[in-house]
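Content type PDB, C-alpha atoms and all ligand atoms, from the file run_8.pdb:
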```
ATOM      1  CA  MET A1446       0.000   0.000   0.000
ATOM      2  CA  LYS A1447       1.317   3.420  -0.902
ATOM      3  CA  ASN A1448      -1.430   5.769  -1.964
ATOM      4  CA  ILE A1449      -4.660   5.073  -0.172
ATOM      5  CA  LEU A1450      -8.186   6.457  -0.546
ATOM      6  CA  ILE A1451     -10.528   6.170   2.416
ATOM      7  CA  ILE A1452     -14.172   6.504   1.406
ATOM      8  CA  GLY A1453     -16.104   7.635   4.470
ATOM      9  CA  ALA A1454     -13.011   9.083   6.149
ATOM     10  CA  THR A1455     -14.933  11.262   8.579
ATOM     11  CA  GLY A1456     -17.084   8.446   9.992
ATOM     12  CA  GLN A1457     -16.761   6.249  13.080
ATOM     13  CA  ILE A1458     -13.944   4.060  11.709
ATOM     14  CA  GLY A1459     -12.622   6.366   8.991
ATOM     15  CA  SER A1460     -11.672   9.270  11.212
ATOM     16  CA  GLU A1461      -9.318   7.031  13.195
ATOM     17  CA  LEU A1462      -8.187   4.737  10.391
ATOM     18  CA  THR A1463      -7.159   7.676   8.191
ATOM     19  CA  MET A1464      -4.849   9.013  10.905
ATOM     20  CA  ARG A1465      -3.447   5.575  11.597
ATOM     21  CA  LEU A1466      -2.751   4.957   7.878
ATOM     22  CA  ARG A1467      -1.046   8.348   7.582
ATOM     23  CA  ASN A1468       1.307   7.305  10.380
ATOM     24  CA  GLU A1469       1.915   3.859   8.881
ATOM     25  CA  TYR A1470       2.516   5.067   5.309
ATOM     26  CA  PRO A1471       4.164   8.492   5.576
ATOM     27  CA  GLU A1472       5.751   8.088   2.140
ATOM     28  CA  GLY A1473       2.395   7.924   0.314
ATOM     29  CA  ASP A1474      -0.786   9.975   0.030
ATOM     30  CA  VAL A1475      -3.560   8.865   2.374
ATOM     31  CA  VAL A1476      -6.605  10.680   1.020
ATOM     32  CA  ALA A1477      -9.592  11.405   3.239
ATOM     33  CA  GLY A1478     -12.670  10.905   1.054
ATOM     34  CA  PHE A1479     -15.683  12.776   2.408
ATOM     35  CA  ILE A1480     -19.205  13.733   1.430
ATOM     36  CA  LYS A1481     -20.725  17.232   1.520
ATOM     37  CA  GLY A1482     -21.802  18.048   5.046
ATOM     38  CA  ALA A1483     -19.195  15.721   6.601
ATOM     39  CA  GLU A1484     -15.991  17.546   5.661
ATOM     40  CA  PRO A1485     -12.799  16.664   7.556
ATOM     41  CA  LYS A1486     -11.754  19.117  10.263
ATOM     42  CA  GLY A1487      -8.801  19.776  12.531
ATOM     43  CA  ILE A1488      -5.951  17.281  12.431
ATOM     44  CA  LEU A1489      -7.752  15.043   9.912
ATOM     45  CA  LEU A1490      -7.895  17.972   7.478
ATOM     46  CA  GLU A1491      -4.431  19.299   8.218
ATOM     47  CA  SER A1492      -2.444  16.057   8.216
ATOM     48  CA  GLY A1493      -3.021  15.028   4.583
ATOM     49  CA  PRO A1494      -5.028  15.441   1.394
ATOM     50  CA  SER A1495      -8.798  15.174   1.234
ATOM     51  CA  HIS A1496     -11.160  14.823  -1.709
ATOM     52  CA  GLU A1497     -14.933  14.843  -2.047
ATOM     53  CA  VAL A1498     -15.961  11.252  -2.800
ATOM     54  CA  ASP A1499     -19.624  10.305  -2.656
ATOM     55  CA  ILE A1500     -19.620   6.530  -3.052
ATOM     56  CA  THR A1501     -22.834   6.686  -5.047
ATOM     57  CA  ASN A1502     -20.972   8.736  -7.686
ATOM     58  CA  PRO A1503     -18.464   6.535  -9.577
ATOM     59  CA  MET A1504     -16.950   9.573 -11.349
ATOM     60  CA  GLN A1505     -15.850  11.047  -8.030
ATOM     61  CA  ILE A1506     -14.215   7.764  -6.974
ATOM     62  CA  ALA A1507     -12.362   7.521 -10.313
ATOM     63  CA  GLU A1508     -11.274  11.178 -10.125
ATOM     64  CA  ALA A1509      -9.712  10.733  -6.683
ATOM     65  CA  VAL A1510      -8.042   7.465  -7.723
ATOM     66  CA  ASP A1511      -6.519   9.119 -10.821
ATOM     67  CA  LYS A1512      -5.466  12.317  -9.082
ATOM     68  CA  TYR A1513      -3.582  10.587  -6.257
ATOM     69  CA  LYS A1514      -2.532   7.409  -8.127
ATOM     70  CA  ILE A1515      -4.394   5.356  -5.568
ATOM     71  CA  ASP A1516      -3.478   1.681  -5.209
ATOM     72  CA  THR A1517      -5.684   0.766  -2.224
ATOM     73  CA  ILE A1518      -9.236   1.824  -1.369
ATOM     74  CA  TYR A1519     -10.754   1.507   2.102
ATOM     75  CA  ASN A1520     -14.497   1.546   1.539
ATOM     76  CA  LEU A1521     -16.035   2.538   4.875
ATOM     77  CA  ALA A1522     -19.285   4.059   3.643
ATOM     78  CA  ALA A1523     -22.341   2.458   5.261
ATOM     79  CA  LEU A1524     -25.428   3.113   7.352
ATOM     80  CA  LEU A1525     -25.325   1.220  10.662
ATOM     81  CA  SER A1526     -27.950  -1.378  11.448
ATOM     82  CA  ALA A1527     -30.727   0.534  13.216
ATOM     83  CA  VAL A1528     -30.545   3.571  10.911
ATOM     84  CA  ALA A1529     -30.467   1.263   7.898
ATOM     85  CA  GLU A1530     -33.772  -0.291   9.022
ATOM     86  CA  ALA A1531     -35.303   3.199   8.891
ATOM     87  CA  LYS A1532     -33.827   3.855   5.413
ATOM     88  CA  PRO A1533     -33.448   0.474   3.693
ATOM     89  CA  GLN A1534     -33.332   1.870   0.154
ATOM     90  CA  LEU A1535     -30.513   4.248   1.033
ATOM     91  CA  ALA A1536     -28.698   1.465   2.912
ATOM     92  CA  TRP A1537     -28.739  -0.645  -0.265
ATOM     93  CA  LYS A1538     -27.717   2.294  -2.469
ATOM     94  CA  ILE A1539     -24.666   3.020  -0.308
ATOM     95  CA  GLY A1540     -23.811  -0.516   0.828
ATOM     96  CA  VAL A1541     -24.256  -2.380  -2.448
ATOM     97  CA  GLY A1542     -24.476   0.284  -5.166
ATOM     98  CA  GLY A1543     -21.537   2.110  -3.611
ATOM     99  CA  LEU A1544     -19.495  -1.058  -3.344
ATOM    100  CA  TYR A1545     -20.255  -1.902  -6.986
ATOM    101  CA  ASN A1546     -19.009   1.569  -8.018
ATOM    102  CA  THR A1547     -15.869   1.091  -5.943
ATOM    103  CA  LEU A1548     -15.159  -2.380  -7.346
ATOM    104  CA  GLU A1549     -15.639  -1.210 -10.920
ATOM    105  CA  VAL A1550     -13.162   1.647 -10.429
ATOM    106  CA  ALA A1551     -10.800  -0.799  -8.710
ATOM    107  CA  ARG A1552     -11.103  -3.246 -11.611
ATOM    108  CA  GLU A1553     -10.340  -0.569 -14.198
ATOM    109  CA  LYS A1554      -7.569   1.108 -12.275
ATOM    110  CA  LYS A1555      -6.111  -1.926 -10.514
ATOM    111  CA  CYS A1556      -6.682  -1.023  -6.870
ATOM    112  CA  ALA A1557      -6.965  -3.324  -3.876
ATOM    113  CA  VAL A1558     -10.195  -2.877  -1.902
ATOM    114  CA  PHE A1559     -11.023  -3.310   1.790
ATOM    115  CA  THR A1560     -14.724  -3.305   2.670
ATOM    116  CA  PRO A1561     -15.707  -4.232   6.215
ATOM    117  CA  SER A1562     -18.362  -6.824   6.833
ATOM    118  CA  SER A1563     -19.929  -7.349  10.238
ATOM    119  CA  ILE A1564     -21.385  -9.674  12.847
ATOM    120  CA  GLY A1565     -24.587  -8.335  11.267
ATOM    121  CA  SER A1566     -23.959 -10.530   8.226
ATOM    122  CA  PHE A1567     -25.261 -13.465  10.286
ATOM    123  CA  GLY A1568     -28.855 -14.189  11.183
ATOM    124  CA  PRO A1569     -31.081 -16.223  13.490
ATOM    125  CA  GLY A1570     -30.318 -19.463  11.615
ATOM    126  CA  THR A1571     -26.570 -19.117  12.250
ATOM    127  CA  PRO A1572     -24.973 -21.095  15.106
ATOM    128  CA  ALA A1573     -24.860 -18.382  17.795
ATOM    129  CA  ASP A1574     -21.885 -19.517  19.875
ATOM    130  CA  LYS A1575     -18.398 -19.676  18.406
ATOM    131  CA  THR A1576     -19.988 -18.934  15.030
ATOM    132  CA  PRO A1577     -17.795 -20.660  12.416
ATOM    133  CA  GLN A1578     -16.052 -18.815   9.600
ATOM    134  CA  ASP A1579     -18.090 -20.580   6.923
ATOM    135  CA  THR A1580     -21.688 -21.019   7.989
ATOM    136  CA  ILE A1581     -25.280 -19.981   7.321
ATOM    137  CA  GLN A1582     -25.617 -16.272   6.499
ATOM    138  CA  ARG A1583     -29.272 -15.362   6.225
ATOM    139  CA  PRO A1584     -29.532 -12.007   8.043
ATOM    140  CA  LYS A1585     -32.914 -10.416   8.722
ATOM    141  CA  THR A1586     -31.720  -6.798   8.591
ATOM    142  CA  ILE A1587     -31.058  -4.741   5.458
ATOM    143  CA  TYR A1588     -27.667  -3.927   6.990
ATOM    144  CA  GLY A1589     -26.859  -7.640   7.083
ATOM    145  CA  VAL A1590     -28.248  -8.194   3.592
ATOM    146  CA  THR A1591     -25.934  -5.489   2.219
ATOM    147  CA  LYS A1592     -22.992  -7.005   4.089
ATOM    148  CA  VAL A1593     -23.533 -10.553   2.789
ATOM    149  CA  THR A1594     -24.067  -9.190  -0.719
ATOM    150  CA  GLY A1595     -20.872  -7.176  -0.315
ATOM    151  CA  GLU A1596     -18.931 -10.250   0.769
ATOM    152  CA  MET A1597     -20.115 -12.193  -2.259
ATOM    153  CA  LEU A1598     -19.630  -9.352  -4.735
ATOM    154  CA  SER A1599     -16.112  -8.730  -3.410
ATOM    155  CA  ASP A1600     -15.222 -12.415  -3.740
ATOM    156  CA  TYR A1601     -16.670 -12.404  -7.270
ATOM    157  CA  TYR A1602     -14.462  -9.476  -8.286
ATOM    158  CA  ALA A1603     -11.428 -11.269  -6.810
ATOM    159  CA  HIS A1604     -12.051 -14.538  -8.642
ATOM    160  CA  ARG A1605     -13.492 -13.172 -11.873
ATOM    161  CA  PHE A1606     -11.357 -10.054 -12.388
ATOM    162  CA  GLY A1607      -8.397 -10.525 -10.044
ATOM    163  CA  VAL A1608      -9.257  -7.471  -7.939
ATOM    164  CA  ASP A1609      -7.435  -7.799  -4.606
ATOM    165  CA  THR A1610     -10.471  -7.576  -2.318
ATOM    166  CA  ARG A1611     -10.192  -8.399   1.391
ATOM    167  CA  SER A1612     -12.392  -7.954   4.415
ATOM    168  CA  VAL A1613     -13.024  -8.664   8.076
ATOM    169  CA  ARG A1614     -16.338  -9.066   9.895
ATOM    170  CA  PHE A1615     -16.161  -6.375  12.540
ATOM    171  CA  PRO A1616     -17.805  -6.887  15.912
ATOM    172  CA  GLY A1617     -19.317  -3.856  17.678
ATOM    173  CA  LEU A1618     -16.539  -1.254  17.754
ATOM    174  CA  ILE A1619     -15.809   0.730  20.888
ATOM    175  CA  SER A1620     -13.886   3.993  20.869
ATOM    176  CA  TYR A1621     -13.600   7.309  22.707
ATOM    177  CA  VAL A1622     -12.865   9.275  19.510
ATOM    178  CA  ALA A1623     -15.749   9.495  17.022
ATOM    179  CA  PRO A1624     -19.155   8.481  18.351
ATOM    180  CA  PRO A1625     -20.976   5.800  16.351
ATOM    181  CA  GLY A1626     -24.488   6.509  15.148
ATOM    182  CA  GLY A1627     -27.449   4.247  14.697
ATOM    183  CA  GLY A1628     -25.817   0.904  15.456
ATOM    184  CA  THR A1629     -27.104  -1.933  17.623
ATOM    185  CA  THR A1630     -23.808  -2.340  19.462
ATOM    186  CA  ASP A1631     -23.526   1.405  20.236
ATOM    187  CA  TYR A1632     -24.781   0.924  23.794
ATOM    188  CA  ALA A1633     -21.345  -0.431  24.646
ATOM    189  CA  VAL A1634     -19.868   2.969  23.727
ATOM    190  CA  ASP A1635     -22.639   5.106  25.264
ATOM    191  CA  ILE A1636     -22.334   3.259  28.572
ATOM    192  CA  TYR A1637     -18.773   4.576  29.057
ATOM    193  CA  TYR A1638     -19.830   8.153  28.272
ATOM    194  CA  SER A1639     -22.597   7.985  30.905
ATOM    195  CA  ALA A1640     -20.358   6.328  33.476
ATOM    196  CA  VAL A1641     -17.572   8.910  33.122
ATOM    197  CA  LYS A1642     -20.030  11.831  33.234
ATOM    198  CA  GLY A1643     -21.596  10.399  36.404
ATOM    199  CA  GLU A1644     -24.942   9.833  34.692
ATOM    200  CA  GLU A1645     -27.246   6.844  35.040
ATOM    201  CA  PHE A1646     -27.158   4.702  31.896
ATOM    202  CA  LYS A1647     -30.411   3.508  30.376
ATOM    203  CA  CYS A1648     -29.519   0.311  28.585
ATOM    204  CA  PRO A1649     -31.541  -0.385  25.395
ATOM    205  CA  LEU A1650     -30.772  -4.137  25.443
ATOM    206  CA  LYS A1651     -31.805  -6.674  28.046
ATOM    207  CA  PRO A1652     -29.494  -8.683  30.314
ATOM    208  CA  GLY A1653     -28.174 -11.795  28.606
ATOM    209  CA  THR A1654     -27.821 -10.122  25.195
ATOM    210  CA  PHE A1655     -24.310 -11.245  24.264
ATOM    211  CA  MET A1656     -22.494  -9.805  21.251
ATOM    212  CA  ASP A1657     -18.908  -9.672  20.064
ATOM    213  CA  MET A1658     -17.204  -6.347  20.685
ATOM    214  CA  MET A1659     -13.766  -4.946  19.905
ATOM    215  CA  TYR A1660     -11.698  -1.981  21.001
ATOM    216  CA  MET A1661     -10.951   0.357  18.080
ATOM    217  CA  PRO A1662      -7.131   0.010  18.148
ATOM    218  CA  ASP A1663      -7.504  -3.735  17.500
ATOM    219  CA  ALA A1664     -10.016  -3.087  14.711
ATOM    220  CA  LEU A1665      -7.725  -0.570  12.988
ATOM    221  CA  ARG A1666      -4.803  -2.964  13.210
ATOM    222  CA  ALA A1667      -6.963  -5.741  11.718
ATOM    223  CA  ALA A1668      -7.952  -3.512   8.780
ATOM    224  CA  ILE A1669      -4.295  -2.774   8.043
ATOM    225  CA  GLU A1670      -2.943  -6.289   8.667
ATOM    226  CA  ILE A1671      -5.472  -8.020   6.418
ATOM    227  CA  MET A1672      -4.460  -5.740   3.520
ATOM    228  CA  GLU A1673      -0.773  -6.444   4.205
ATOM    229  CA  ALA A1674      -1.272 -10.210   4.555
ATOM    230  CA  ASP A1675       0.599 -12.588   2.253
ATOM    231  CA  PRO A1676      -2.012 -13.403  -0.440
ATOM    232  CA  THR A1677      -0.635 -16.919  -0.932
ATOM    233  CA  ARG A1678      -1.734 -17.787   2.625
ATOM    234  CA  LEU A1679      -5.296 -16.492   2.210
ATOM    235  CA  ILE A1680      -7.821 -19.248   1.696
ATOM    236  CA  HIS A1681     -10.636 -16.818   2.536
ATOM    237  CA  ARG A1682     -10.963 -13.205   1.460
ATOM    238  CA  ASN A1683     -14.423 -11.788   2.030
ATOM    239  CA  SER A1684     -14.744 -11.908   4.874
ATOM    240  CA  PHE A1685     -12.850 -13.091   7.976
ATOM    241  CA  ASN A1686     -14.405 -13.539  11.405
ATOM    242  CA  ILE A1687     -12.341 -11.594  13.941
ATOM    243  CA  ALA A1688     -13.022 -11.476  17.676
ATOM    244  CA  SER A1689     -11.617 -10.185  20.923
ATOM    245  CA  MET A1690     -14.371 -10.159  23.569
ATOM    246  CA  SER A1691     -18.025 -11.030  24.026
ATOM    247  CA  PHE A1692     -20.192  -9.643  26.834
ATOM    248  CA  ASP A1693     -23.748  -8.708  27.755
ATOM    249  CA  PRO A1694     -24.895  -5.451  29.410
ATOM    250  CA  GLU A1695     -24.535  -6.905  32.937
ATOM    251  CA  ILE A1696     -20.910  -7.900  32.375
ATOM    252  CA  ILE A1697     -19.786  -4.558  30.956
ATOM    253  CA  ALA A1698     -21.690  -2.665  33.672
ATOM    254  CA  ALA A1699     -20.021  -4.772  36.388
ATOM    255  CA  LYS A1700     -16.608  -4.113  34.836
ATOM    256  CA  ILE A1701     -17.240  -0.368  34.755
ATOM    257  CA  LYS A1702     -18.356  -0.500  38.393
ATOM    258  CA  GLU A1703     -14.981  -1.910  39.347
ATOM    259  CA  HIS A1704     -13.523   1.391  38.159
ATOM    260  CA  ILE A1705     -16.436   3.767  38.879
ATOM    261  CA  PRO A1706     -18.204   2.245  41.880
ATOM    262  CA  GLY A1707     -21.061   4.777  41.853
ATOM    263  CA  PHE A1708     -22.082   3.859  38.286
ATOM    264  CA  ARG A1709     -25.738   2.956  37.835
ATOM    265  CA  MET A1710     -27.486   1.210  34.958
ATOM    266  CA  THR A1711     -31.199   0.690  34.428
ATOM    267  CA  TYR A1712     -33.000  -0.834  31.468
ATOM    268  CA  GLU A1713     -35.135   0.971  28.896
ATOM    269  CA  LEU A1714     -35.463  -1.513  26.072
ATOM    270  CA  ASP A1715     -35.439  -0.514  22.421
ATOM    271  CA  PRO A1716     -37.474  -3.242  20.659
ATOM    272  CA  LEU A1717     -35.829  -2.684  17.250
ATOM    273  CA  ARG A1718     -32.285  -2.930  18.603
ATOM    274  CA  GLN A1719     -33.212  -5.900  20.807
ATOM    275  CA  LYS A1720     -34.655  -7.737  17.821
ATOM    276  CA  ILE A1721     -31.546  -7.052  15.760
ATOM    277  CA  ALA A1722     -29.188  -8.075  18.586
ATOM    278  CA  ASP A1723     -31.142 -11.292  19.171
ATOM    279  CA  SER A1724     -30.594 -12.251  15.531
ATOM    280  CA  TRP A1725     -26.808 -11.791  15.741
ATOM    281  CA  PRO A1726     -24.252 -14.278  17.099
ATOM    282  CA  ASN A1727     -23.092 -14.300  20.722
ATOM    283  CA  SER A1728     -19.456 -14.877  19.824
ATOM    284  CA  LEU A1729     -17.446 -15.579  16.657
ATOM    285  CA  ASP A1730     -14.791 -18.233  16.044
ATOM    286  CA  ASP A1731     -11.860 -16.340  14.518
ATOM    287  CA  SER A1732      -9.482 -19.290  14.051
ATOM    288  CA  CYS A1733      -9.259 -18.869  10.229
ATOM    289  CA  ALA A1734      -8.034 -15.271  10.628
ATOM    290  CA  ARG A1735      -5.513 -16.484  13.210
ATOM    291  CA  GLU A1736      -4.272 -19.222  10.880
ATOM    292  CA  GLU A1737      -4.272 -17.362   7.563
ATOM    293  CA  TRP A1738      -2.849 -13.956   8.567
ATOM    294  CA  ASP A1739      -1.866 -14.284  12.242
ATOM    295  CA  TRP A1740      -4.726 -12.179  13.592
ATOM    296  CA  HIS A1741      -4.701 -11.728  17.365
ATOM    297  CA  PRO A1742      -6.479  -9.196  19.568
ATOM    298  CA  GLU A1743      -4.572  -7.132  22.128
ATOM    299  CA  TYR A1744      -7.396  -5.675  24.215
ATOM    300  CA  GLY A1745      -9.780  -7.528  26.483
ATOM    301  CA  LEU A1746     -12.629  -5.986  28.501
ATOM    302  CA  GLU A1747     -10.378  -4.952  31.405
ATOM    303  CA  GLU A1748      -7.702  -3.219  29.279
ATOM    304  CA  MET A1749     -10.362  -1.534  27.134
ATOM    305  CA  THR A1750     -12.361  -0.306  30.135
ATOM    306  CA  LYS A1751      -9.318   1.258  31.790
ATOM    307  CA  ASP A1752      -8.288   2.968  28.558
ATOM    308  CA  MET A1753     -11.802   4.190  27.673
ATOM    309  CA  ILE A1754     -12.372   5.666  31.120
ATOM    310  CA  SER A1755      -9.052   7.451  31.241
ATOM    311  CA  HIS A1756      -9.403   8.911  27.720
ATOM    312  CA  LEU A1757     -13.016   9.987  28.245
ATOM    313  CA  ARG A1758     -12.071  11.679  31.526
ATOM    314  CA  GLU A1759      -9.381  13.544  29.625
ATOM    315  CA  LYS A1760     -11.801  14.403  26.808
ATOM    316  CA  PHE A1761     -14.377  15.884  29.189
ATOM    317  CA  GLY A1762     -11.853  17.371  31.654
ATOM    318  CA  ILE A1763     -13.158  15.160  34.474
ATOM    319  CA  PRO A1764     -10.427  14.441  37.030
ATOM    320  CA  ALA A1765      -9.949  10.839  38.139
ATOM    321  CA  PRO A1766     -11.001  10.407  41.793
ATOM    322  CA  SER A1767      -8.079  10.354  44.213
ATOM    323  CA  HIS A1768      -6.887   6.934  45.358
ATOM    324  CA  GLN A1769      -8.444   7.548  48.773
ATOM    325  CA  GLU A1770     -11.834   8.513  47.350
ATOM    326  CA  SER A1771     -11.978   5.417  45.210
ATOM    327  CA  GLU A1772     -10.958   3.196  48.158
ATOM    328  CA  VAL A1773     -13.836   4.657  50.191
ATOM    329  CA  ALA A1774     -16.258   4.165  47.314
ATOM    330  CA  MET A1775     -15.158   0.536  46.926
ATOM    331  CA  ALA A1776     -15.823  -0.052  50.612
ATOM    332  CA  TYR A1777     -19.476   0.882  50.159
TER     333      TYR A1777
HETATM  334  N1  LIG A1801     -21.774  -1.926  14.943
HETATM  335  C1  LIG A1801     -22.674  -2.338  13.916
HETATM  336  C2  LIG A1801     -24.060  -2.030  14.281
HETATM  337  O1  LIG A1801     -24.389  -2.151  15.436
HETATM  338  C3  LIG A1801     -22.552  -3.803  13.652
HETATM  339  O2  LIG A1801     -21.456  -4.084  12.871
HETATM  340  O3  LIG A1801     -24.838  -1.724  13.452
END
```
Final structure tokens representation of the file:
Amino acid sequence: MKNILIIGATGQIGSELTMRLRNEYPEGDVVAGFIKGAEPKGILLESGPSHEVDITNPMQIAEAVDKYKIDTIYNLAALLSAVAEAKPQLAWKIGVGGLYNTLEVAREKKCAVFTPSSIGSFGPGTPADKTPQDTIQRPKTIYGVTKVTGEMLSDYYAHRFGVDTRSVRFPGLISYVAPPGGGTTDYAVDIYYSAVKGEEFKCPLKPGTFMDMMYMPDALRAAIEIMEADPTRLIHRNSFNIASMSFDPEIIAAKIKEHIPGFRMTYELDPLRQKIADSWPNSLDDSCAREEWDWHPEYGLEEMTKDMISHLREKFGIPAPSHQESEVAMAY
């Protein structure tokens, strides 16, 4: 990878991945592709080139690829699961139409393409625990339908046209940088914000709702490592199960309480999100990713919780309680 275009560079993953790629590949151009109304700002704008790229407009993708001699495209444009249910036509247009546009440009101009898939590509008929790499994928959400279609279309372009397409199935991603929007796993981000601000958290999912989750630094590393992987070792391409932790609301709340003893969580269920979460796996088996490109996670729930709390405190200027205060709180 030398010159990279990130489509959706100002979104939840893109805003962090763009910066990470700029650090990893200082010799090349890492171009932040954005849409009108979501222009890059601050360090994202200042640290490298940006270009307007609406994924539904193939001309704009081709223009950016030509201008910066792009060899790798990170296609991060998507609507998350709950929002996609409210706008299924738009979800298809971006998720599948946009991917088709990207793959066609990649075919003509010989680019590699990364397009994330998701735990949402599975459905109620999928084995829920230790979900295998190759298994039933019959999702009930439009988000999942676009992801499975994307996996198949990406594999087709690899086998039929030799386009170097690769992908991972992301779990719910947790980060203190850019807030997610409209996902089913977002509660696991929101819960940290409430806890650090000293607010009660109203959990939209019921106890016992297990899903795979991942801390953003691991997810970014996965997105880079899969594109750097030795192609001769890859039996799979689109898309690899990756995993680092699986928990339900009770487990994450208990972990937060170990660090913020006064934290309180109540339940206010969101039927749409609950239905979506119930149709997704509890935990993925990521052994193929481990075997084919040495994937391994670095953050578990404890390491992530410590890091999230300390960064969110910094972000909101909330001082950490003194050692004595936290000892007293633990005693109660
Ligand atoms: N985080 C996504 C969502 O909840 C799943 O990949 O929609």
Against ligand LIG 1801 (chain A), which residues of chain A fall within 7 Å? For each one I want the closest pair of atoms and the distance in Å (one decimal), counting only C-alpha atoms and all ligand atoms, rows by chain and increasing residue number, as CSV.
```
residue,atom,partner,partner_atom,distance
A:Leu1525,CA,A:LIG1801,O3,4.1
A:Ser1526,CA,A:LIG1801,O3,3.7
A:Ala1527,CA,A:LIG1801,O3,6.3
A:Ser1563,CA,A:LIG1801,O2,4.5
A:Ile1564,CA,A:LIG1801,O2,5.6
A:Gly1565,CA,A:LIG1801,C3,5.5
A:Phe1615,CA,A:LIG1801,O2,5.8
A:Pro1616,CA,A:LIG1801,O2,5.5
A:Gly1617,CA,A:LIG1801,N1,4.2
A:Leu1618,CA,A:LIG1801,N1,6.0
A:Gly1627,CA,A:LIG1801,O3,6.6
A:Gly1628,CA,A:LIG1801,O1,3.4
A:Thr1629,CA,A:LIG1801,O1,3.5
A:Thr1630,CA,A:LIG1801,O1,4.1
A:Asp1631,CA,A:LIG1801,O1,6.0
```
Exercise. Using the chain letters and numbers from the file, which residues does the PyMOL selection byres (((chain A and resi 1578-1582) around 8) and not hetatm) grab, as an MDAnalysis selection string?
Worked result: chainID A and resid 1566:1568 1570:1572 1576:1577 1583:1584 1593 1685:1686 1729:1733
Kindly resolve the PyMOL selection byres (((chain A and resi 1539-1544) around 6) and not hetatm) on the present coordinates and return the residues as a CSV table (one decimal) with C-alpha atoms, in the coordinates of the input.
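So expr-v7.csv came out as:
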```
chain,number,residue,atom,x,y,z
A,1500,ILE,CA,-19.6,6.5,-3.1
A,1501,THR,CA,-22.8,6.7,-5.0
A,1523,ALA,CA,-22.3,2.5,5.3
A,1536,ALA,CA,-28.7,1.5,2.9
A,1537,TRP,CA,-28.7,-0.6,-0.3
A,1538,LYS,CA,-27.7,2.3,-2.5
A,1545,TYR,CA,-20.3,-1.9,-7.0
A,1546,ASN,CA,-19.0,1.6,-8.0
A,1547,THR,CA,-15.9,1.1,-5.9
A,1591,THR,CA,-25.9,-5.5,2.2
```
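Among the candidates A:Ile1506, A:Ile1697, A:Ile1705, A:Val1550, the one nearest to A:Ser1755 when counting only C-alpha atoms is A:Ile1705.
Distance-wise, atom CA of A:Pro1764 and atom CA of A:Ser1639 end up 15.1 Å apart.
Once the PyMOL selection byres (((chain A and resi 1494) around 7) and not hetatm) is applied to the shown structure, the selection contains Val1475, Val1476, Ala1477, Gly1493, Ser1495 and His1496 of chain A.
Closest to A:Thr1594 among A:Glu1673, A:Gly1643, A:Arg1666, A:Ser1684 is A:Ser1684, based on all atoms listed in the file.
Checking A:Pro1471, A:Pro1624, A:Pro1561, A:Pro1716 one by one against A:Asn1683, counting all atoms listed in the file, you find the shortest gap at A:Pro1561.
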Shell of 8 Å around A:Pro1569, only C-alpha atoms, local chain residues under 5 positions omitted, as a PDB file with C-alpha atoms, in the frame of the given file:
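Generated file (result.pdb):
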```pdb
ATOM      1  CA  ARG A1583     -29.272 -15.362   6.225  1.00  0.00           C
ATOM      2  CA  PRO A1584     -29.532 -12.007   8.043  1.00  0.00           C
ATOM      3  CA  LYS A1585     -32.914 -10.416   8.722  1.00  0.00           C
ATOM      4  CA  ASP A1723     -31.142 -11.292  19.171  1.00  0.00           C
ATOM      5  CA  SER A1724     -30.594 -12.251  15.531  1.00  0.00           C
ATOM      6  CA  TRP A1725     -26.808 -11.791  15.741  1.00  0.00           C
ATOM      7  CA  PRO A1726     -24.252 -14.278  17.099  1.00  0.00           C
TER       8      PRO A1726
END
```
For this session: Rounded to one decimal place, report the atom CA of A:Ser1691-atom CA of A:Glu1670 distance in Å.
Result: 22.0 Å
List as CSV every residue of stretch 1510-1567 of chain A that is in contact with stretch 1600-1604 of chain A, defined as an atom at most 9 Å from one of its atoms (using only C-alpha atoms), together with the nearest atom pair and the distance in Å rounded to one decimal, sorted by chain and then rising number.
```
residue,atom,partner,partner_atom,distance
A:Leu1548,CA,A:Tyr1602,CA,7.2
A:Glu1549,CA,A:Tyr1602,CA,8.8
A:Arg1552,CA,A:Tyr1602,CA,7.8
```
Exercise. Hey, what's within 12 Å of A:Gly1653 if we count all atoms listed in the file and toss same-chain stuff fewer than 3 positions away? As an MDAnalysis selection string, please?
Worked result: chainID A and resid 1650 1656 1691:1697 1719 1722:1723 1727
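Closest approach to A:Asn1520 among A:Leu1489, A:Ala1454, A:Ala1688, A:Leu1665 is made by A:Ala1454 (distances from all atoms listed in the file).
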For this session: Go through A:Ala1529, A:Asp1474, A:Pro1652, A:Leu1466 and flag the residue nearest A:Leu1714, using all atoms listed in the file for the distances.
Result: A:Pro1652
So that I can see what lies close to A:Lys1555, please list as a tab-separated table (two decimals) with C-alpha atoms, in the coordinates of the input the residues with an atom at most 9 Å from it, counting all atoms listed in the file and leaving out residues fewer than 5 positions away in the same chain.
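To be explicit, this is the file written out as around19.tsv:
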```
chain	number	residue	atom	x	y	z
A	1515	ILE	CA	-4.39	5.36	-5.57
A	1516	ASP	CA	-3.48	1.68	-5.21
A	1517	THR	CA	-5.68	0.77	-2.22
A	1550	VAL	CA	-13.16	1.65	-10.43
A	1607	GLY	CA	-8.40	-10.52	-10.04
A	1608	VAL	CA	-9.26	-7.47	-7.94
A	1609	ASP	CA	-7.44	-7.80	-4.61
```
Seminar exercise, completed: From atom CA of A:Gly1459 to atom CA of A:Met1661 the spacing works out at 11.0 Å
